[in-house]
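See below for start.cif, which holds mmCIF, C-alpha atoms.
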data_data
#
loop_
_atom_site.group_PDB
_atom_site.id
_atom_site.type_symbol
_atom_site.label_atom_id
_atom_site.label_comp_id
_atom_site.auth_asym_id
_atom_site.auth_seq_id
_atom_site.Cartn_x
_atom_site.Cartn_y
_atom_site.Cartn_z
ATOM 1 C CA ALA A 10 -1.370 11.034 -22.782
ATOM 2 C CA LEU A 11 1.717 11.096 -20.575
ATOM 3 C CA VAL A 12 4.987 9.163 -20.676
ATOM 4 C CA VAL A 13 5.960 7.607 -17.329
ATOM 5 C CA ALA A 14 9.519 6.902 -16.166
ATOM 6 C CA ALA A 15 10.717 5.566 -12.810
ATOM 7 C CA GLN A 16 14.169 5.601 -11.296
ATOM 8 C CA LYS A 17 15.649 3.104 -8.868
ATOM 9 C CA ASP A 18 15.762 5.827 -6.185
ATOM 10 C CA GLY A 19 11.935 5.902 -6.124
ATOM 11 C CA THR A 20 11.398 9.009 -8.248
ATOM 12 C CA VAL A 21 8.588 8.811 -10.805
ATOM 13 C CA ARG A 22 8.501 11.361 -13.602
ATOM 14 C CA LEU A 23 5.616 12.100 -15.955
ATOM 15 C CA PHE A 24 6.306 13.789 -19.298
ATOM 16 C CA THR A 25 4.069 15.258 -21.985
ATOM 17 C CA PRO A 26 4.407 13.744 -25.483
ATOM 18 C CA SER A 27 6.528 16.803 -26.425
ATOM 19 C CA GLY A 28 9.007 15.945 -23.653
ATOM 20 C CA GLU A 29 8.067 18.558 -21.051
ATOM 21 C CA LEU A 30 8.252 17.421 -17.436
ATOM 22 C CA ALA A 31 4.673 17.467 -16.150
ATOM 23 C CA LEU A 32 5.280 16.044 -12.650
ATOM 24 C CA SER A 33 8.015 14.462 -10.564
ATOM 25 C CA PHE A 34 7.191 12.697 -7.293
ATOM 26 C CA SER A 35 8.563 10.116 -4.898
ATOM 27 C CA ALA A 36 6.781 6.761 -5.061
ATOM 28 C CA GLY A 37 7.662 6.261 -1.372
ATOM 29 C CA HIS A 38 9.645 3.025 -1.643
ATOM 30 C CA GLU A 39 12.403 2.178 0.838
ATOM 31 C CA GLN A 40 14.081 -0.212 -1.637
ATOM 32 C CA PRO A 41 15.023 0.411 -5.304
ATOM 33 C CA ILE A 42 12.129 0.329 -7.791
ATOM 34 C CA THR A 43 12.342 -2.737 -10.024
ATOM 35 C CA ARG A 44 9.018 -2.697 -11.941
ATOM 36 C CA LEU A 45 6.542 -0.155 -13.282
ATOM 37 C CA ALA A 46 3.045 -0.590 -14.719
ATOM 38 C CA VAL A 47 0.426 1.858 -15.965
ATOM 39 C CA SER A 48 -3.310 1.304 -16.260
ATOM 40 C CA PRO A 49 -4.563 0.629 -19.792
ATOM 41 C CA SER A 50 -7.833 2.443 -19.011
ATOM 42 C CA HIS A 51 -8.479 5.979 -20.189
ATOM 43 C CA GLU A 52 -11.109 6.376 -17.451
ATOM 44 C CA GLU A 53 -8.628 6.234 -14.602
ATOM 45 C CA TYR A 54 -4.876 6.858 -14.730
ATOM 46 C CA LEU A 55 -2.927 4.641 -12.334
ATOM 47 C CA VAL A 56 0.810 4.071 -11.962
ATOM 48 C CA ALA A 57 2.019 1.018 -10.028
ATOM 49 C CA THR A 58 5.606 0.574 -8.846
ATOM 50 C CA CYS A 59 7.277 -2.378 -7.147
ATOM 51 C CA ASP A 60 10.550 -2.556 -5.237
ATOM 52 C CA ASP A 61 13.095 -5.231 -4.279
ATOM 53 C CA SER A 62 11.190 -6.109 -1.088
ATOM 54 C CA GLY A 63 7.955 -6.985 -2.940
ATOM 55 C CA SER A 64 6.217 -3.792 -1.832
ATOM 56 C CA ILE A 65 3.801 -2.440 -4.454
ATOM 57 C CA ARG A 66 2.466 1.115 -4.417
ATOM 58 C CA VAL A 67 -0.327 2.387 -6.665
ATOM 59 C CA HIS A 68 -0.715 6.117 -7.350
ATOM 60 C CA ARG A 69 -3.720 7.776 -8.969
ATOM 61 C CA ILE A 70 -2.686 10.392 -11.519
ATOM 62 C CA ASN A 71 -5.026 13.333 -12.064
ATOM 63 C CA VAL A 72 -4.657 15.345 -15.263
ATOM 64 C CA ARG A 73 -6.640 18.554 -15.675
ATOM 65 C CA GLN A 74 -6.577 21.220 -18.316
ATOM 66 C CA ARG A 75 -4.642 24.223 -16.995
ATOM 67 C CA LYS A 76 -6.464 27.534 -16.953
ATOM 68 C CA LEU A 77 -4.755 30.884 -16.581
ATOM 69 C CA GLY A 78 -5.743 32.791 -13.478
ATOM 70 C CA LYS A 79 -7.017 36.373 -13.621
ATOM 71 C CA ASP A 80 -3.633 37.738 -12.558
ATOM 72 C CA GLU A 81 -1.765 35.752 -15.237
ATOM 73 C CA LYS A 82 -4.213 36.857 -17.942
ATOM 74 C CA MET A 83 -3.980 40.509 -16.906
ATOM 75 C CA ALA A 84 -0.163 40.405 -16.675
ATOM 76 C CA ARG A 85 0.071 39.016 -20.202
ATOM 77 C CA LYS A 86 -2.402 41.579 -21.507
ATOM 78 C CA LEU A 87 -0.628 44.560 -19.938
ATOM 79 C CA SER A 88 2.881 43.377 -20.687
ATOM 80 C CA ALA A 89 4.927 45.939 -22.643
ATOM 81 C CA VAL A 90 7.399 43.240 -23.434
ATOM 82 C CA GLU A 91 6.973 40.773 -26.262
ATOM 83 C CA LYS A 92 3.511 39.207 -26.228
ATOM 84 C CA VAL A 93 3.494 35.625 -24.977
ATOM 85 C CA SER A 94 1.046 33.134 -26.372
ATOM 86 C CA VAL A 95 -1.344 31.550 -23.901
ATOM 87 C CA HIS A 96 -0.555 28.251 -25.645
ATOM 88 C CA LEU A 97 3.088 28.190 -24.565
ATOM 89 C CA GLY A 98 4.068 26.310 -21.450
ATOM 90 C CA LEU A 99 2.500 23.307 -19.799
ATOM 91 C CA ALA A 100 -1.196 23.101 -20.716
ATOM 92 C CA VAL A 101 -2.167 20.660 -17.950
ATOM 93 C CA ASN A 102 -1.991 20.390 -14.181
ATOM 94 C CA VAL A 103 -0.837 16.943 -13.113
ATOM 95 C CA THR A 104 -1.008 15.564 -9.560
ATOM 96 C CA ALA A 105 -0.318 12.156 -8.018
ATOM 97 C CA GLN A 106 -1.878 10.631 -4.925
ATOM 98 C CA LEU A 107 -1.031 7.327 -3.246
ATOM 99 C CA GLN A 108 -4.087 5.110 -3.610
ATOM 100 C CA LYS A 109 -2.991 1.724 -2.214
ATOM 101 C CA GLN A 110 0.015 -0.167 -0.932
ATOM 102 C CA MET A 111 0.299 -3.940 -0.900
ATOM 103 C CA GLN A 112 2.906 -6.597 -0.202
ATOM 104 C CA VAL A 113 3.591 -9.730 -2.229
ATOM 105 C CA PRO A 114 3.191 -12.839 -0.027
ATOM 106 C CA GLN A 115 6.337 -14.427 1.384
ATOM 107 C CA ASP A 116 7.778 -17.586 -0.135
ATOM 108 C CA SER A 117 8.406 -20.848 1.726
ATOM 109 C CA GLU A 118 11.632 -19.413 3.208
ATOM 110 C CA GLY A 119 9.902 -16.330 4.638
ATOM 111 C CA ASP A 120 11.168 -13.899 1.998
ATOM 112 C CA ALA A 121 9.197 -11.969 -0.585
ATOM 113 C CA PRO A 122 9.896 -13.510 -4.009
ATOM 114 C CA LYS A 123 11.520 -11.225 -6.575
ATOM 115 C CA ILE A 124 8.873 -9.594 -8.761
ATOM 116 C CA THR A 125 9.623 -10.112 -12.467
ATOM 117 C CA ALA A 126 6.456 -8.673 -14.082
ATOM 118 C CA LEU A 127 3.804 -6.143 -13.074
ATOM 119 C CA ALA A 128 0.513 -5.181 -14.766
ATOM 120 C CA LEU A 129 -2.784 -3.413 -14.112
ATOM 121 C CA THR A 130 -5.919 -4.738 -15.784
ATOM 122 C CA SER A 131 -9.678 -4.797 -15.574
ATOM 123 C CA GLN A 132 -12.052 -7.615 -16.370
ATOM 124 C CA GLY A 133 -15.828 -7.614 -16.078
ATOM 125 C CA GLY A 134 -15.731 -4.211 -14.371
ATOM 126 C CA THR A 135 -13.331 -5.396 -11.660
ATOM 127 C CA LYS A 136 -9.832 -3.920 -11.520
ATOM 128 C CA TYR A 137 -6.793 -6.060 -10.701
ATOM 129 C CA LEU A 138 -3.086 -5.660 -10.084
ATOM 130 C CA LEU A 139 -0.998 -8.637 -11.257
ATOM 131 C CA ALA A 140 2.518 -9.313 -9.926
ATOM 132 C CA GLY A 141 4.493 -12.163 -11.511
ATOM 133 C CA ASP A 142 7.459 -13.543 -9.595
ATOM 134 C CA ILE A 143 10.625 -15.574 -9.970
ATOM 135 C CA GLU A 144 8.818 -18.693 -8.660
ATOM 136 C CA GLY A 145 6.414 -18.739 -11.633
ATOM 137 C CA LYS A 146 3.411 -17.469 -9.684
ATOM 138 C CA ILE A 147 1.214 -14.442 -10.302
ATOM 139 C CA SER A 148 -0.228 -12.694 -7.254
ATOM 140 C CA VAL A 149 -3.655 -11.250 -8.105
ATOM 141 C CA PHE A 150 -4.719 -8.246 -6.026
ATOM 142 C CA SER A 151 -8.151 -6.602 -6.211
ATOM 143 C CA ARG A 152 -8.681 -2.842 -6.348
ATOM 144 C CA ASN A 153 -8.800 -2.565 -2.540
ATOM 145 C CA ALA A 154 -5.330 -4.232 -2.295
ATOM 146 C CA THR A 155 -6.699 -7.590 -1.120
ATOM 147 C CA LEU A 156 -4.744 -10.625 -2.296
ATOM 148 C CA ARG A 157 -7.321 -12.665 -4.229
ATOM 149 C CA ALA A 158 -5.090 -15.538 -5.382
ATOM 150 C CA ARG A 159 -1.594 -16.764 -6.190
ATOM 151 C CA VAL A 160 -1.808 -18.487 -9.540
ATOM 152 C CA ASP A 161 0.876 -20.967 -10.607
ATOM 153 C CA THR A 162 1.723 -20.372 -14.278
ATOM 154 C CA THR A 163 4.325 -23.036 -14.931
ATOM 155 C CA SER A 164 4.767 -26.777 -14.606
ATOM 156 C CA VAL A 165 8.573 -26.447 -14.646
ATOM 157 C CA PRO A 166 10.240 -25.796 -11.263
ATOM 158 C CA GLY A 167 12.573 -22.811 -11.157
ATOM 159 C CA VAL A 168 10.970 -20.957 -14.075
ATOM 160 C CA GLY A 169 9.701 -17.474 -13.289
ATOM 161 C CA VAL A 170 7.107 -15.269 -14.946
ATOM 162 C CA ASP A 171 8.885 -13.430 -17.769
ATOM 163 C CA SER A 172 6.082 -11.075 -18.740
ATOM 164 C CA ILE A 173 2.432 -10.141 -18.310
ATOM 165 C CA SER A 174 0.664 -8.304 -21.138
ATOM 166 C CA VAL A 175 -2.818 -6.856 -20.795
ATOM 167 C CA THR A 176 -5.268 -5.692 -23.423
ATOM 168 C CA LEU A 177 -9.060 -5.454 -23.678
ATOM 169 C CA GLY A 178 -9.682 -7.257 -20.399
ATOM 170 C CA SER A 179 -7.273 -10.112 -21.155
ATOM 171 C CA ALA A 180 -4.085 -10.886 -19.238
ATOM 172 C CA LEU A 181 -1.503 -12.956 -21.103
ATOM 173 C CA PHE A 182 1.587 -14.376 -19.406
ATOM 174 C CA ARG A 183 4.841 -15.978 -20.495
ATOM 175 C CA SER A 184 6.818 -18.185 -18.125
ATOM 176 C CA GLY A 185 9.860 -19.725 -19.776
ATOM 177 C CA ARG A 186 8.535 -21.720 -22.746
ATOM 178 C CA GLU A 187 4.974 -21.816 -21.395
ATOM 179 C CA TRP A 188 2.391 -19.145 -22.080
ATOM 180 C CA GLY A 189 -1.303 -18.587 -21.760
ATOM 181 C CA TYR A 190 -3.852 -16.310 -20.189
ATOM 182 C CA LEU A 191 -5.211 -15.742 -16.708
ATOM 183 C CA ASP A 192 -8.839 -16.601 -16.131
ATOM 184 C CA LEU A 193 -9.525 -13.969 -13.475
ATOM 185 C CA GLU A 194 -13.041 -15.253 -12.758
ATOM 186 C CA ARG A 195 -11.731 -18.687 -11.781
ATOM 187 C CA MET A 196 -8.310 -17.411 -10.668
ATOM 188 C CA GLU A 197 -6.389 -19.949 -12.721
ATOM 189 C CA ALA A 198 -3.869 -20.053 -15.543
ATOM 190 C CA ARG A 199 -4.989 -21.408 -18.924
ATOM 191 C CA HIS A 200 -2.068 -22.686 -20.992
ATOM 192 C CA LEU A 201 -2.050 -22.497 -24.780
ATOM 193 C CA GLU A 202 -0.219 -24.799 -27.161
ATOM 194 C CA CYS A 203 1.229 -23.767 -30.514
#
Take the structure I supplied and represent it as structure tokens, if you would.
Amino acid sequence: ALVVAAQKDGTVRLFTPSGELALSFSAGHEQPITRLAVSPSHEEYLVATCDDSGSIRVHRINVRQRKLGKDEKMARKLSAVEKVSVHLGLAVNVTAQLQKQMQVPQDSEGDAPKITALALTSQGGTKYLLAGDIEGKISVFSRNATLRARVDTTSVPGVGVDSISVTLGSALFRSGREWGYLDLERMEARHLEC
């Protein structure tokens, strides 16, 4: 498990649970980062970032157990200085690779709407990126960065998507006082009443 942090300048940092910096990389945005999402899957580690212009970039994170090379092993063995445990230091190699880049569709005025929520999910074996905006719509992108739908989540004009929460193949949203879940097979919002 890694802890992910992003800065407005586009730097993404990955930390081990003990607080050691495992990797620092540039997400490649030209505008300040405003949203961050991580994949809930343990099969594939993805980090998605979004900036002020509505540009979304998804990076695949590879984590591998670190093995000492022959030279490192021999140097530790022959060292006359205090013996150093092979368990000290970072135990994993972490790399990041840009997987996809996508752009949120423009609004009626020709501008990209401000993204207010970002999430990665999977349903029925298909992976999705969800981007909620200030207009109350959620843009649904497939794994290959194709825009599949723009789903309207609210019946109240001027209310944006406040949050998107994903768990076990479900995507819940909250837009103002309305909430519900996304039916990703039908590409529609299902509202729930309390």
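Between CA of Val149 (chain A) and CA of Tyr137 (chain A) lies a distance of 6.6 Å.
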So that I can see what lies close to region 166-182 of chain A, please list as a list of chain:residue names the residues with an atom at most 7 Å from it, counting all atoms listed in the file and leaving out residues fewer than 6 positions away in the same chain.
A:Thr125, A:Ala126, A:Leu127, A:Ala128, A:Thr130, A:Ser131, A:Gln132, A:Gly141, A:Asp142, A:Ile143, A:Glu144, A:Gly145, A:Lys146, A:Trp188, A:Gly189, A:Tyr190, A:Leu191
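The space separating CA of Glu197 (chain A) from CA of Asn153 (chain A) comes to 20.3 Å.
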What is the distance between CA of Arg152 (chain A) and CA of Ala57 (chain A), in Å to one decimal?
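Separating CA of Arg152 (chain A) from CA of Ala57 (chain A) is a distance of 12.0 Å.
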Check which residues of region 130-201 of chain A sit at most 9 Å from region 109-116 of chain A using all atoms listed in the file, and return one row each with the closest pair of atoms and their distance in Å to one decimal, ordered by chain and rising number, as a tab-separated table.
residue	atom	partner	partner_atom	distance
A:Ala140	CA	A:Val113	CA	7.8
A:Glu144	CA	A:Asp116	CA	8.7
A:Ser148	CA	A:Val113	CA	7.0
A:Phe150	CA	A:Met111	CA	8.4
A:Arg152	CA	A:Lys109	CA	8.4
A:Asn153	CA	A:Lys109	CA	7.2
A:Ala154	CA	A:Met111	CA	5.8
A:Thr155	CA	A:Met111	CA	7.9
A:Leu156	CA	A:Val113	CA	8.4
A:Arg159	CA	A:Pro114	CA	8.7
Test item: the PyMOL selection byres ((chain A and resi 45) around 6) resolved as a PyMOL selection string
chain A and resi 44+46+57-58
Output the residue selection produced by the PyMOL selection byres ((chain A and resi 22-27) around 12) on the file above, formatted as a PyMOL selection string.
chain A and resi 10-21+28-36+45+47+54-56+70-72+98-105
Residues of the last selection are to be written out with C-alpha atoms, as a PDB file, keeping the file's coordinate frame.
ATOM      1  CA  ALA A  10      -1.370  11.034 -22.782  1.00  0.00           C
ATOM      2  CA  LEU A  11       1.717  11.096 -20.575  1.00  0.00           C
ATOM      3  CA  VAL A  12       4.987   9.163 -20.676  1.00  0.00           C
ATOM      4  CA  VAL A  13       5.960   7.607 -17.329  1.00  0.00           C
ATOM      5  CA  ALA A  14       9.519   6.902 -16.166  1.00  0.00           C
ATOM      6  CA  ALA A  15      10.717   5.566 -12.810  1.00  0.00           C
ATOM      7  CA  GLN A  16      14.169   5.601 -11.296  1.00  0.00           C
ATOM      8  CA  LYS A  17      15.649   3.104  -8.868  1.00  0.00           C
ATOM      9  CA  ASP A  18      15.762   5.827  -6.185  1.00  0.00           C
ATOM     10  CA  GLY A  19      11.935   5.902  -6.124  1.00  0.00           C
ATOM     11  CA  THR A  20      11.398   9.009  -8.248  1.00  0.00           C
ATOM     12  CA  VAL A  21       8.588   8.811 -10.805  1.00  0.00           C
ATOM     13  CA  GLY A  28       9.007  15.945 -23.653  1.00  0.00           C
ATOM     14  CA  GLU A  29       8.067  18.558 -21.051  1.00  0.00           C
ATOM     15  CA  LEU A  30       8.252  17.421 -17.436  1.00  0.00           C
ATOM     16  CA  ALA A  31       4.673  17.467 -16.150  1.00  0.00           C
ATOM     17  CA  LEU A  32       5.280  16.044 -12.650  1.00  0.00           C
ATOM     18  CA  SER A  33       8.015  14.462 -10.564  1.00  0.00           C
ATOM     19  CA  PHE A  34       7.191  12.697  -7.293  1.00  0.00           C
ATOM     20  CA  SER A  35       8.563  10.116  -4.898  1.00  0.00           C
ATOM     21  CA  ALA A  36       6.781   6.761  -5.061  1.00  0.00           C
ATOM     22  CA  LEU A  45       6.542  -0.155 -13.282  1.00  0.00           C
ATOM     23  CA  VAL A  47       0.426   1.858 -15.965  1.00  0.00           C
ATOM     24  CA  TYR A  54      -4.876   6.858 -14.730  1.00  0.00           C
ATOM     25  CA  LEU A  55      -2.927   4.641 -12.334  1.00  0.00           C
ATOM     26  CA  VAL A  56       0.810   4.071 -11.962  1.00  0.00           C
ATOM     27  CA  ILE A  70      -2.686  10.392 -11.519  1.00  0.00           C
ATOM     28  CA  ASN A  71      -5.026  13.333 -12.064  1.00  0.00           C
ATOM     29  CA  VAL A  72      -4.657  15.345 -15.263  1.00  0.00           C
ATOM     30  CA  GLY A  98       4.068  26.310 -21.450  1.00  0.00           C
ATOM     31  CA  LEU A  99       2.500  23.307 -19.799  1.00  0.00           C
ATOM     32  CA  ALA A 100      -1.196  23.101 -20.716  1.00  0.00           C
ATOM     33  CA  VAL A 101      -2.167  20.660 -17.950  1.00  0.00           C
ATOM     34  CA  ASN A 102      -1.991  20.390 -14.181  1.00  0.00           C
ATOM     35  CA  VAL A 103      -0.837  16.943 -13.113  1.00  0.00           C
ATOM     36  CA  THR A 104      -1.008  15.564  -9.560  1.00  0.00           C
ATOM     37  CA  ALA A 105      -0.318  12.156  -8.018  1.00  0.00           C
TER      38      ALA A 105
END
Evaluate the PyMOL selection byres ((chain A and resi 43) around 7) against this structure - the residues, as a list in words, please.
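Matching residues under the PyMOL selection byres ((chain A and resi 43) around 7) are Lys17, Pro41, Ile42, Arg44, Cys59, Asp60 and Asp61 of chain A.
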Hey, can I get the axis-aligned box for region 42-54 of chain A? All listed atoms, 6 Å padding on each side, centre and edge lengths in Å to one decimal, as JSON.
{"center_x": 0.6, "center_y": 2.1, "center_z": -14.0, "size_x": 35.5, "size_y": 21.6, "size_z": 24.4}
Could you tell me which of A:Ser62, A:His38, A:Glu187, A:Leu201 comes closest to Gly119 (chain A) if we count all atoms listed in the file?
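Answer, going by the shortest atom-to-atom distance: A:Ser62.
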Please return region 45-70 of chain A, rebuilt to N, CA and C atoms, as a PDB file, keeping the file's coordinate frame.
ATOM      1  N   LEU A  45       7.482  -1.251 -13.094  1.00  0.00           N
ATOM      2  CA  LEU A  45       6.542  -0.155 -13.282  1.00  0.00           C
ATOM      3  C   LEU A  45       5.417  -0.644 -14.182  1.00  0.00           C
ATOM      4  N   ALA A  46       4.195  -0.262 -13.867  1.00  0.00           N
ATOM      5  CA  ALA A  46       3.045  -0.590 -14.719  1.00  0.00           C
ATOM      6  C   ALA A  46       2.105   0.605 -14.732  1.00  0.00           C
ATOM      7  N   VAL A  47       1.426   0.799 -15.850  1.00  0.00           N
ATOM      8  CA  VAL A  47       0.426   1.858 -15.965  1.00  0.00           C
ATOM      9  C   VAL A  47      -0.897   1.229 -16.361  1.00  0.00           C
ATOM     10  N   SER A  48      -1.994   1.846 -15.943  1.00  0.00           N
ATOM     11  CA  SER A  48      -3.310   1.304 -16.260  1.00  0.00           C
ATOM     12  C   SER A  48      -3.609   1.507 -17.740  1.00  0.00           C
ATOM     13  N   PRO A  49      -4.209   0.499 -18.375  1.00  0.00           N
ATOM     14  CA  PRO A  49      -4.563   0.629 -19.792  1.00  0.00           C
ATOM     15  C   PRO A  49      -5.849   1.431 -20.008  1.00  0.00           C
ATOM     16  N   SER A  50      -6.548   1.750 -18.930  1.00  0.00           N
ATOM     17  CA  SER A  50      -7.833   2.443 -19.011  1.00  0.00           C
ATOM     18  C   SER A  50      -7.652   3.942 -19.186  1.00  0.00           C
ATOM     19  N   HIS A  51      -8.494   4.533 -20.028  1.00  0.00           N
ATOM     20  CA  HIS A  51      -8.479   5.979 -20.189  1.00  0.00           C
ATOM     21  C   HIS A  51      -9.427   6.644 -19.196  1.00  0.00           C
ATOM     22  N   GLU A  52     -10.176   5.844 -18.441  1.00  0.00           N
ATOM     23  CA  GLU A  52     -11.109   6.376 -17.451  1.00  0.00           C
ATOM     24  C   GLU A  52     -10.397   6.751 -16.166  1.00  0.00           C
ATOM     25  N   GLU A  53      -9.333   6.029 -15.863  1.00  0.00           N
ATOM     26  CA  GLU A  53      -8.628   6.234 -14.602  1.00  0.00           C
ATOM     27  C   GLU A  53      -7.141   5.990 -14.849  1.00  0.00           C
ATOM     28  N   TYR A  54      -6.314   6.988 -14.530  1.00  0.00           N
ATOM     29  CA  TYR A  54      -4.876   6.858 -14.730  1.00  0.00           C
ATOM     30  C   TYR A  54      -4.235   6.377 -13.432  1.00  0.00           C
ATOM     31  N   LEU A  55      -3.619   5.202 -13.488  1.00  0.00           N
ATOM     32  CA  LEU A  55      -2.927   4.641 -12.334  1.00  0.00           C
ATOM     33  C   LEU A  55      -1.507   4.281 -12.725  1.00  0.00           C
ATOM     34  N   VAL A  56      -0.575   4.480 -11.783  1.00  0.00           N
ATOM     35  CA  VAL A  56       0.810   4.071 -11.962  1.00  0.00           C
ATOM     36  C   VAL A  56       1.146   3.175 -10.786  1.00  0.00           C
ATOM     37  N   ALA A  57       1.624   1.959 -11.076  1.00  0.00           N
ATOM     38  CA  ALA A  57       2.019   1.018 -10.028  1.00  0.00           C
ATOM     39  C   ALA A  57       3.533   0.827 -10.093  1.00  0.00           C
ATOM     40  N   THR A  58       4.170   0.827  -8.929  1.00  0.00           N
ATOM     41  CA  THR A  58       5.606   0.574  -8.846  1.00  0.00           C
ATOM     42  C   THR A  58       5.851  -0.530  -7.830  1.00  0.00           C
ATOM     43  N   CYS A  59       6.920  -1.277  -8.046  1.00  0.00           N
ATOM     44  CA  CYS A  59       7.277  -2.378  -7.147  1.00  0.00           C
ATOM     45  C   CYS A  59       8.759  -2.247  -6.817  1.00  0.00           C
ATOM     46  N   ASP A  60       9.137  -2.628  -5.602  1.00  0.00           N
ATOM     47  CA  ASP A  60      10.550  -2.556  -5.237  1.00  0.00           C
ATOM     48  C   ASP A  60      11.104  -3.939  -4.922  1.00  0.00           C
ATOM     49  N   ASP A  61      12.390  -3.971  -4.555  1.00  0.00           N
ATOM     50  CA  ASP A  61      13.095  -5.231  -4.279  1.00  0.00           C
ATOM     51  C   ASP A  61      12.473  -6.046  -3.155  1.00  0.00           C
ATOM     52  N   SER A  62      11.757  -5.399  -2.235  1.00  0.00           N
ATOM     53  CA  SER A  62      11.190  -6.109  -1.088  1.00  0.00           C
ATOM     54  C   SER A  62       9.812  -6.705  -1.377  1.00  0.00           C
ATOM     55  N   GLY A  63       9.292  -6.490  -2.605  1.00  0.00           N
ATOM     56  CA  GLY A  63       7.955  -6.985  -2.940  1.00  0.00           C
ATOM     57  C   GLY A  63       6.845  -6.029  -2.553  1.00  0.00           C
ATOM     58  N   SER A  64       7.210  -4.810  -2.172  1.00  0.00           N
ATOM     59  CA  SER A  64       6.217  -3.792  -1.832  1.00  0.00           C
ATOM     60  C   SER A  64       5.738  -3.135  -3.122  1.00  0.00           C
ATOM     61  N   ILE A  65       4.409  -3.037  -3.267  1.00  0.00           N
ATOM     62  CA  ILE A  65       3.801  -2.440  -4.454  1.00  0.00           C
ATOM     63  C   ILE A  65       3.002  -1.223  -4.006  1.00  0.00           C
ATOM     64  N   ARG A  66       3.194  -0.117  -4.719  1.00  0.00           N
ATOM     65  CA  ARG A  66       2.466   1.115  -4.417  1.00  0.00           C
ATOM     66  C   ARG A  66       1.766   1.581  -5.679  1.00  0.00           C
ATOM     67  N   VAL A  67       0.477   1.930  -5.533  1.00  0.00           N
ATOM     68  CA  VAL A  67      -0.327   2.387  -6.665  1.00  0.00           C
ATOM     69  C   VAL A  67      -0.709   3.843  -6.429  1.00  0.00           C
ATOM     70  N   HIS A  68      -0.393   4.689  -7.413  1.00  0.00           N
ATOM     71  CA  HIS A  68      -0.715   6.117  -7.350  1.00  0.00           C
ATOM     72  C   HIS A  68      -1.753   6.456  -8.410  1.00  0.00           C
ATOM     73  N   ARG A  69      -2.727   7.253  -8.023  1.00  0.00           N
ATOM     74  CA  ARG A  69      -3.720   7.776  -8.969  1.00  0.00           C
ATOM     75  C   ARG A  69      -3.152   9.080  -9.523  1.00  0.00           C
ATOM     76  N   ILE A  70      -3.177   9.197 -10.843  1.00  0.00           N
ATOM     77  CA  ILE A  70      -2.686  10.392 -11.519  1.00  0.00           C
ATOM     78  C   ILE A  70      -3.888  11.188 -12.012  1.00  0.00           C
TER      79      ILE A  70
END
